[in-house]
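Asker: Contents of final33.cif (mmCIF, C-alpha atoms and all ligand atoms):
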```cif
data_work
#
loop_
_atom_site.label_atom_id
_atom_site.label_comp_id
_atom_site.auth_asym_id
_atom_site.auth_seq_id
_atom_site.Cartn_x
_atom_site.Cartn_y
_atom_site.Cartn_z
CA MET P 20 -10.02 -4.19 60.97
CA SER P 21 -13.54 -2.94 60.70
CA THR P 22 -16.43 -4.46 62.56
CA ALA P 23 -18.90 -3.81 59.78
CA GLY P 24 -18.56 -7.11 58.03
CA GLY P 25 -21.16 -8.41 55.61
CA ALA P 26 -21.48 -11.46 53.48
CA ARG P 27 -20.17 -10.65 50.05
CA ALA P 28 -20.73 -13.90 48.31
CA ARG P 29 -21.75 -17.40 49.16
CA ARG P 30 -20.93 -20.50 47.25
CA ILE P 31 -21.93 -24.06 47.86
CA LEU P 32 -19.71 -26.96 47.03
CA ARG P 33 -21.13 -30.43 47.42
CA PHE P 34 -18.77 -33.31 47.86
CA SER P 35 -19.52 -37.00 47.86
CA ALA P 36 -17.24 -39.74 49.00
CA SER P 37 -19.59 -42.31 47.54
CA ALA P 38 -19.43 -43.63 44.02
CA ALA P 39 -21.09 -41.49 41.41
CA ALA P 40 -24.14 -42.75 39.59
CA PRO P 41 -23.22 -44.79 36.53
CA SER P 42 -24.64 -42.19 34.15
CA ALA P 43 -22.60 -39.46 35.77
CA ARG P 44 -19.52 -41.61 35.71
CA ALA P 45 -20.02 -42.38 32.06
CA SER P 46 -20.22 -38.70 31.21
CA ALA P 47 -17.22 -37.79 33.30
CA GLY P 48 -13.93 -37.33 31.57
CA THR P 49 -10.42 -36.16 32.04
CA PRO P 50 -10.34 -32.75 33.70
CA PRO P 51 -10.19 -30.00 31.09
CA ALA P 52 -6.83 -28.31 30.65
CA GLY P 53 -6.29 -25.65 33.24
CA VAL P 54 -8.82 -27.07 35.66
CA ARG P 55 -7.38 -28.35 38.89
CA CYS P 56 -8.76 -31.14 40.98
CA LEU P 57 -10.05 -30.15 44.40
CA GLY P 58 -8.40 -33.24 45.74
CA LEU P 59 -11.59 -35.16 45.23
CA THR P 60 -13.27 -33.20 42.52
CA VAL P 61 -12.95 -30.84 39.62
CA SER P 62 -14.50 -27.43 39.60
CA ARG P 63 -15.27 -25.12 36.78
CA PRO P 64 -18.63 -23.59 36.00
CA GLY P 65 -20.59 -25.73 33.64
CA THR P 66 -18.24 -28.68 33.62
CA THR P 67 -18.35 -32.19 34.95
CA ALA P 68 -15.22 -34.22 35.24
CA ALA P 69 -13.77 -37.03 37.25
CA CYS P 70 -10.83 -37.02 39.57
CA ARG P 71 -9.43 -39.88 41.57
CA GLY P 72 -11.80 -42.55 40.43
CA THR P 73 -15.48 -42.08 40.62
CA THR P 74 -16.06 -38.92 42.61
CA THR P 75 -17.46 -36.18 40.46
CA MET P 76 -18.62 -32.63 40.90
CA ARG P 77 -20.44 -30.33 38.57
CA ILE P 78 -20.51 -26.58 39.03
CA ALA P 79 -23.09 -24.51 37.26
CA PRO P 80 -24.35 -20.97 37.85
CA LEU P 81 -27.61 -20.89 39.76
CA ALA P 82 -30.34 -19.00 37.96
CA GLY P 83 -32.56 -16.50 39.73
CA LEU P 84 -30.13 -15.46 42.42
CA ALA P 85 -29.20 -11.85 42.83
CA ALA P 86 -26.02 -10.04 42.25
CA ALA P 87 -23.91 -12.18 44.52
CA ALA P 88 -21.86 -14.51 42.43
CA VAL P 89 -23.19 -17.85 43.44
CA LEU P 90 -21.99 -21.15 42.17
CA ALA P 91 -23.57 -24.43 43.09
CA ALA P 92 -21.83 -27.70 42.77
CA LEU P 93 -24.08 -30.67 42.28
CA VAL P 94 -22.83 -34.16 42.68
CA ALA P 95 -24.37 -37.55 42.18
CA GLY P 96 -25.01 -39.64 45.24
CA PRO P 97 -27.54 -39.28 48.03
CA ALA P 98 -24.91 -39.12 50.75
CA ALA P 99 -23.28 -35.94 49.47
CA ALA P 100 -21.89 -33.62 52.09
CA ALA P 101 -21.79 -29.91 51.41
CA ILE P 102 -19.22 -27.20 51.94
CA THR P 103 -20.65 -23.70 51.84
CA ILE P 104 -18.13 -20.91 51.33
CA THR P 105 -19.07 -17.43 52.52
CA VAL P 106 -16.78 -14.46 51.89
CA TYR P 107 -16.88 -11.37 54.12
CA ASN P 108 -15.38 -8.03 53.22
CA THR P 109 -13.77 -7.56 56.60
CA ASP P 110 -11.95 -9.56 59.23
CA LEU P 111 -14.53 -9.05 61.99
CA PRO P 112 -17.05 -9.82 63.30
CA LEU P 113 -16.65 -13.56 63.24
CA PRO P 114 -19.39 -15.59 61.56
CA ALA P 115 -22.20 -16.58 63.91
CA GLY P 116 -21.35 -19.53 66.11
CA GLN P 117 -17.60 -19.39 65.50
CA LEU P 118 -14.98 -18.64 68.15
CA MET P 119 -11.44 -17.39 67.66
CA VAL P 120 -9.04 -20.29 68.08
CA GLU P 121 -5.72 -18.82 66.87
CA ASP P 122 -4.90 -15.16 66.31
CA PHE P 123 -1.12 -15.52 66.84
CA ASP P 124 -1.34 -12.91 69.59
CA HIS P 125 -2.98 -14.92 72.38
CA PRO P 126 -2.73 -18.51 73.62
CA LEU P 127 -4.25 -21.09 71.34
CA ALA P 128 -7.80 -22.13 72.21
CA ALA P 129 -8.14 -25.34 74.21
CA GLY P 130 -8.44 -28.45 72.08
CA PHE P 131 -6.47 -27.01 69.17
CA SER P 132 -2.86 -27.26 68.06
CA PHE P 133 -1.07 -25.20 65.46
CA THR P 134 2.19 -26.38 63.93
CA GLN P 135 4.39 -25.06 61.15
CA ASN P 136 7.46 -26.27 59.34
CA ALA P 137 10.60 -24.25 58.70
CA GLY P 138 8.91 -22.56 55.76
CA ALA P 139 6.28 -20.81 57.83
CA TYR P 140 6.47 -18.25 60.60
CA VAL P 141 4.53 -15.68 62.59
CA ARG P 142 5.24 -12.06 61.68
CA SER P 143 4.03 -8.79 63.14
CA GLY P 144 1.76 -6.78 60.91
CA ALA P 145 3.21 -3.64 62.49
CA LEU P 146 6.41 -4.34 60.54
CA GLY P 147 4.52 -3.70 57.33
CA LEU P 148 5.44 -5.10 53.96
CA ASP P 149 8.45 -7.35 53.53
CA PRO P 150 8.80 -7.01 49.76
CA GLY P 151 8.70 -10.27 47.88
CA ILE P 152 8.31 -12.18 51.13
CA SER P 153 5.32 -11.22 53.23
CA ALA P 154 2.48 -8.70 53.15
CA PRO P 155 0.26 -8.21 56.21
CA PRO P 156 -3.42 -8.78 55.51
CA PRO P 157 -4.99 -5.31 55.00
CA GLY P 158 -5.47 -3.39 58.24
CA ASP P 159 -3.69 -6.03 60.29
CA THR P 160 -1.05 -4.64 62.63
CA SER P 161 -1.14 -7.68 64.92
CA ASN P 162 0.74 -10.93 64.50
CA TYR P 163 -0.22 -13.00 61.48
CA GLU P 164 0.96 -16.17 59.77
CA THR P 165 3.18 -16.27 56.70
CA VAL P 166 3.59 -19.54 54.78
CA LEU P 167 6.50 -19.21 52.38
CA SER P 168 7.22 -21.26 49.29
CA GLY P 169 7.43 -24.87 50.46
CA GLY P 170 5.94 -23.92 53.78
CA LEU P 171 3.22 -25.77 55.62
CA ALA P 172 1.12 -24.77 58.63
CA THR P 173 -1.42 -27.07 60.22
CA LEU P 174 -4.35 -26.44 62.55
CA THR P 175 -5.59 -29.56 64.31
CA SER P 176 -8.64 -29.93 66.52
CA THR P 177 -9.42 -32.65 69.02
CA ARG P 178 -13.08 -32.23 68.08
CA ALA P 179 -14.80 -32.39 64.72
CA LEU P 180 -15.47 -28.95 63.29
CA ARG P 181 -18.69 -27.98 61.57
CA ALA P 182 -17.35 -24.60 60.40
CA PHE P 183 -14.06 -22.74 60.02
CA SER P 184 -13.01 -19.29 58.85
CA PHE P 185 -9.85 -17.22 58.52
CA TYR P 186 -8.79 -13.73 57.47
CA LEU P 187 -6.87 -13.97 54.21
CA GLY P 188 -4.75 -11.29 52.55
CA SER P 189 -2.79 -10.93 49.30
CA PRO P 190 -4.27 -14.12 47.80
CA ASP P 191 -2.04 -16.00 45.41
CA SER P 192 -2.68 -18.78 42.90
CA TRP P 193 -0.06 -20.92 44.65
CA ASN P 194 -1.85 -20.89 48.00
CA THR P 195 -3.62 -24.10 49.06
CA VAL P 196 -5.99 -25.01 51.90
CA ARG P 197 -6.65 -28.68 52.62
CA PHE P 198 -9.40 -30.00 54.88
CA TYR P 199 -9.09 -33.42 56.50
CA GLY P 200 -11.43 -35.58 58.51
CA THR P 201 -10.89 -38.88 60.24
CA GLY P 202 -11.31 -40.58 56.87
CA GLY P 203 -8.64 -38.47 55.18
CA LEU P 204 -8.80 -35.60 52.72
CA VAL P 205 -12.20 -33.92 52.45
CA ALA P 206 -11.30 -31.10 50.06
CA SER P 207 -8.28 -29.28 48.69
CA LEU P 208 -8.72 -25.71 47.46
CA SER P 209 -6.05 -23.74 45.63
CA GLY P 210 -5.84 -20.13 44.51
CA ALA P 211 -9.23 -18.56 43.86
CA GLN P 212 -10.94 -21.84 44.77
CA ILE P 213 -10.15 -20.93 48.37
CA TRP P 214 -12.92 -18.32 48.23
CA GLY P 215 -15.03 -20.33 45.80
CA SER P 216 -14.14 -18.35 42.71
CA THR P 217 -12.12 -18.77 39.55
CA THR P 218 -10.49 -15.34 39.57
CA GLY P 219 -8.70 -12.87 41.79
CA ASP P 220 -5.75 -14.91 43.00
CA ASN P 221 -3.35 -12.19 41.90
CA GLY P 222 -1.52 -11.35 45.11
CA ASP P 223 -3.36 -8.04 45.56
CA GLN P 224 -1.97 -6.71 48.82
CA GLY P 225 -5.03 -4.50 49.29
CA TRP P 226 -7.35 -7.53 49.22
CA GLY P 227 -8.39 -8.87 52.60
CA ARG P 228 -11.38 -11.10 53.23
CA ARG P 229 -12.67 -13.43 55.91
CA VAL P 230 -13.45 -16.68 54.17
CA SER P 231 -15.77 -19.02 56.03
CA TYR P 232 -16.47 -22.70 55.37
CA ASP P 233 -19.51 -24.56 56.63
CA PHE P 234 -18.70 -28.23 56.26
CA GLY P 235 -22.29 -29.43 56.27
CA GLY P 236 -22.25 -33.14 56.83
CA ALA P 237 -18.50 -33.48 56.45
CA VAL P 238 -16.26 -34.04 59.44
CA VAL P 239 -13.13 -31.89 59.58
CA ASN P 240 -10.52 -31.94 62.30
CA LYS P 241 -7.35 -30.87 60.51
CA ILE P 242 -6.67 -27.97 58.17
CA GLU P 243 -3.43 -27.46 56.25
CA PHE P 244 -2.17 -24.23 54.74
CA ALA P 245 0.47 -24.76 52.09
CA SER P 246 2.16 -22.58 49.53
CA SER P 247 4.42 -23.16 46.55
CA GLY P 248 5.44 -19.50 46.36
CA ASN P 249 5.82 -16.43 48.59
CA SER P 250 3.54 -16.26 50.34
CA PHE P 251 0.33 -17.35 51.98
CA GLU P 252 -0.59 -14.74 54.61
CA PHE P 253 -3.53 -15.04 56.99
CA ASP P 254 -4.70 -14.35 60.52
CA SER P 255 -7.54 -14.94 62.97
CA LEU P 256 -8.48 -18.58 62.59
CA ALA P 257 -11.97 -19.23 63.95
CA ALA P 258 -14.03 -22.38 64.18
CA ALA P 259 -17.25 -23.93 65.41
CA PRO P 260 -17.08 -27.47 66.81
CA ALA P 261 -19.70 -29.98 65.77
CA PRO P 262 -21.96 -31.20 68.58
CA GLU P 263 -20.47 -34.12 70.47
CA PRO P 264 -22.14 -37.52 69.88
CA ALA P 265 -23.28 -37.43 73.50
CA VAL P 266 -25.02 -34.11 72.83
CA TRP P 267 -26.77 -35.59 69.80
CA ALA P 268 -27.83 -38.55 71.92
CA MET P 269 -29.23 -36.17 74.55
CA MET P 270 -31.09 -34.19 71.88
CA ILE P 271 -32.58 -37.35 70.36
CA LEU P 272 -33.47 -38.63 73.80
CA GLY P 273 -35.06 -35.28 74.61
CA LEU P 274 -37.10 -35.29 71.41
CA GLY P 275 -38.22 -38.84 72.13
CA THR P 276 -39.30 -37.88 75.62
CA VAL P 277 -41.27 -34.90 74.33
CA GLY P 278 -42.90 -37.07 71.67
CA ALA P 279 -43.90 -39.71 74.21
CA ALA P 280 -45.37 -37.03 76.48
CA LEU P 281 -47.39 -35.59 73.60
CA ARG P 282 -48.67 -39.04 72.68
CA ARG P 283 -49.72 -39.70 76.29
CA ARG P 284 -51.49 -36.36 76.42
CA ARG P 285 -53.32 -37.11 73.18
CA VAL P 286 -54.41 -40.54 74.45
CA ALA P 287 -55.59 -39.01 77.71
CA ALA P 288 -57.59 -36.37 75.81
CA LEU P 289 -59.31 -39.09 73.75
CA ALA P 290 -60.10 -41.24 76.75
CA CA S 301 -3.32 -11.53 64.86
CA CA S 302 0.19 -13.63 49.39
#
```
Would it be possible to restate this file's structure as structure tokens?
Ligand SMILES: [Ca+2]
Ligand SMILES: [Ca+2]
Answerer:
Amino acid sequence: MSTAGGARARRILRFSASAAAPSARASAGTPPAGVRCLGLTVSRPGTTAACRGTTTMRIAPLAGLAAAAVLAALVAGPAAAAITITVYNTDLPLPAGQLMVEDFDHPLAAGFSFTQNAGAYVRSGALGLDPGISAPPPGDTSNYETVLSGGLATLTSTRALRAFSFYLGSPDSWNTVRFYGTGGLVASLSGAQIWGSTTGDNGDQGWGRRVSYDFGGAVVNKIEFASSGNSFEFDSLAAAPAPEPAVWAMMILGLGTVGAALRRRRVAALA
């Protein structure tokens, strides 16, 4: 695992739990064949479609941005939250502000739980390839997670998370990541959608990337890893908790205090 990681691509997905504007709703239609819902939305460059009622998402290439393949999803509704996906070429270093919470080699970080059903297990990367079953993420000789067909692994946090990342290997079209908040499902990404693309979910055992999600205004405290085929292999789950409400209150209080002091100083200067 190299330490010379760099952002390879960044994609922004905007989600809205609020009703779409009437004009957007009127133009929305049944998802085109071959396009999968992201739980709440449909994604394909240049398309707009509806899933599960009124929530819509449109993805279109952004003009004027350099070589990095960037997709922006625009959604009607002023209260849209955003998920930004950043893909790194290497496992480490972790994205700024994130801490390792589960590497399957050390105790789980405080405030987190990790569960798995009978279809998922921890395997040592030192064992190498288990043909047709499990492939260690590239360069990973430590313990990593394998979610088999029908398997499910779940990371749960006692605190809301503002960002999450993991090291993914041999990506398959039948792999799925689901993000949940206190209000339920926030987003469901399958295959190449997991790294914000439409291609590459071909099980390449030489493909290893750290995929990072910034949840923007969304609140996430549970992440599921599911697979409908062998297998979904990953390691090194990292996350950044959102500030506690008490911290926000302190920050707002602090800003208010500074503002009042500045106003007093200004009044004193004018007197
Ligand atoms: Ca590990
Ligand atoms: Ca795989």
Asker: Quick check, in Å to one decimal: how far apart do atom CA of P:Ser184 and atom CA of P:Pro126 lie?
Answerer: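 Result for atom CA of P:Ser184 versus atom CA of P:Pro126: 18.0 Å, one decimal.
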Asker: Quick one: residues within 8 Å of stretch 244-251 of chain P, only C-alpha atoms counted, chain neighbours fewer than 2 positions away excluded, as an mmCIF file with C-alpha atoms, in the coordinates of the input?
Answerer:
```cif
data_model
loop_
_atom_site.group_PDB
_atom_site.id
_atom_site.type_symbol
_atom_site.label_atom_id
_atom_site.label_comp_id
_atom_site.auth_asym_id
_atom_site.auth_seq_id
_atom_site.Cartn_x
_atom_site.Cartn_y
_atom_site.Cartn_z
ATOM 1 C CA GLY P 151 8.700 -10.270 47.880
ATOM 2 C CA ILE P 152 8.310 -12.180 51.130
ATOM 3 C CA SER P 153 5.320 -11.220 53.230
ATOM 4 C CA GLU P 164 0.960 -16.170 59.770
ATOM 5 C CA THR P 165 3.180 -16.270 56.700
ATOM 6 C CA VAL P 166 3.590 -19.540 54.780
ATOM 7 C CA LEU P 167 6.500 -19.210 52.380
ATOM 8 C CA SER P 168 7.220 -21.260 49.290
ATOM 9 C CA GLY P 169 7.430 -24.870 50.460
ATOM 10 C CA GLY P 170 5.940 -23.920 53.780
ATOM 11 C CA LEU P 171 3.220 -25.770 55.620
ATOM 12 C CA ALA P 172 1.120 -24.770 58.630
ATOM 13 C CA THR P 173 -1.420 -27.070 60.220
ATOM 14 C CA GLY P 188 -4.750 -11.290 52.550
ATOM 15 C CA SER P 189 -2.790 -10.930 49.300
ATOM 16 C CA PRO P 190 -4.270 -14.120 47.800
ATOM 17 C CA ASP P 191 -2.040 -16.000 45.410
ATOM 18 C CA TRP P 193 -0.060 -20.920 44.650
ATOM 19 C CA ASN P 194 -1.850 -20.890 48.000
ATOM 20 C CA THR P 195 -3.620 -24.100 49.060
ATOM 21 C CA VAL P 196 -5.990 -25.010 51.900
ATOM 22 C CA ARG P 197 -6.650 -28.680 52.620
ATOM 23 C CA ILE P 242 -6.670 -27.970 58.170
ATOM 24 C CA PHE P 253 -3.530 -15.040 56.990
#
```
Asker: With only C-alpha atoms and all ligand atoms as the basis for distance, which of P:Asp110, P:Ser161, P:Gly147, P:Gly130 is at the shortest distance from ligand CA 301 (chain S)?
Answerer: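 Closest residue, counting only C-alpha atoms and all ligand atoms: P:Ser161.
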Asker: Check which residues of chain P sit at most 9 Å from ligand CA 301 (chain S) using only C-alpha atoms and all ligand atoms, and return one row each with the closest pair of atoms and their distance in Å to one decimal, ordered by chain and rising number, as JSON lines.
Answerer:
```
{"residue": "P:Glu121", "atom": "CA", "partner": "S:CA301", "partner_atom": "CA", "distance": 7.9}
{"residue": "P:Asp122", "atom": "CA", "partner": "S:CA301", "partner_atom": "CA", "distance": 4.2}
{"residue": "P:Phe123", "atom": "CA", "partner": "S:CA301", "partner_atom": "CA", "distance": 5.0}
{"residue": "P:Asp124", "atom": "CA", "partner": "S:CA301", "partner_atom": "CA", "distance": 5.3}
{"residue": "P:His125", "atom": "CA", "partner": "S:CA301", "partner_atom": "CA", "distance": 8.3}
{"residue": "P:Ser143", "atom": "CA", "partner": "S:CA301", "partner_atom": "CA", "distance": 8.0}
{"residue": "P:Gly144", "atom": "CA", "partner": "S:CA301", "partner_atom": "CA", "distance": 8.0}
{"residue": "P:Asp159", "atom": "CA", "partner": "S:CA301", "partner_atom": "CA", "distance": 7.2}
{"residue": "P:Thr160", "atom": "CA", "partner": "S:CA301", "partner_atom": "CA", "distance": 7.6}
{"residue": "P:Ser161", "atom": "CA", "partner": "S:CA301", "partner_atom": "CA", "distance": 4.4}
{"residue": "P:Asn162", "atom": "CA", "partner": "S:CA301", "partner_atom": "CA", "distance": 4.1}
{"residue": "P:Tyr163", "atom": "CA", "partner": "S:CA301", "partner_atom": "CA", "distance": 4.8}
{"residue": "P:Glu164", "atom": "CA", "partner": "S:CA301", "partner_atom": "CA", "distance": 8.1}
{"residue": "P:Phe253", "atom": "CA", "partner": "S:CA301", "partner_atom": "CA", "distance": 8.6}
{"residue": "P:Asp254", "atom": "CA", "partner": "S:CA301", "partner_atom": "CA", "distance": 5.4}
{"residue": "P:Ser255", "atom": "CA", "partner": "S:CA301", "partner_atom": "CA", "distance": 5.7}
```
Asker: Might I get the box with edges along x, y and z of the file that holds all atoms of stretch 121-128 of chain P listed there, padded by 8 Å on every side, given as centre and edge lengths in Å to one decimal, as lines of an AutoDock Vina configuration file?
Answerer:
```
center_x = -4.5
center_y = -17.5
center_z = 70.0
size_x = 22.7
size_y = 25.2
size_z = 23.3
```
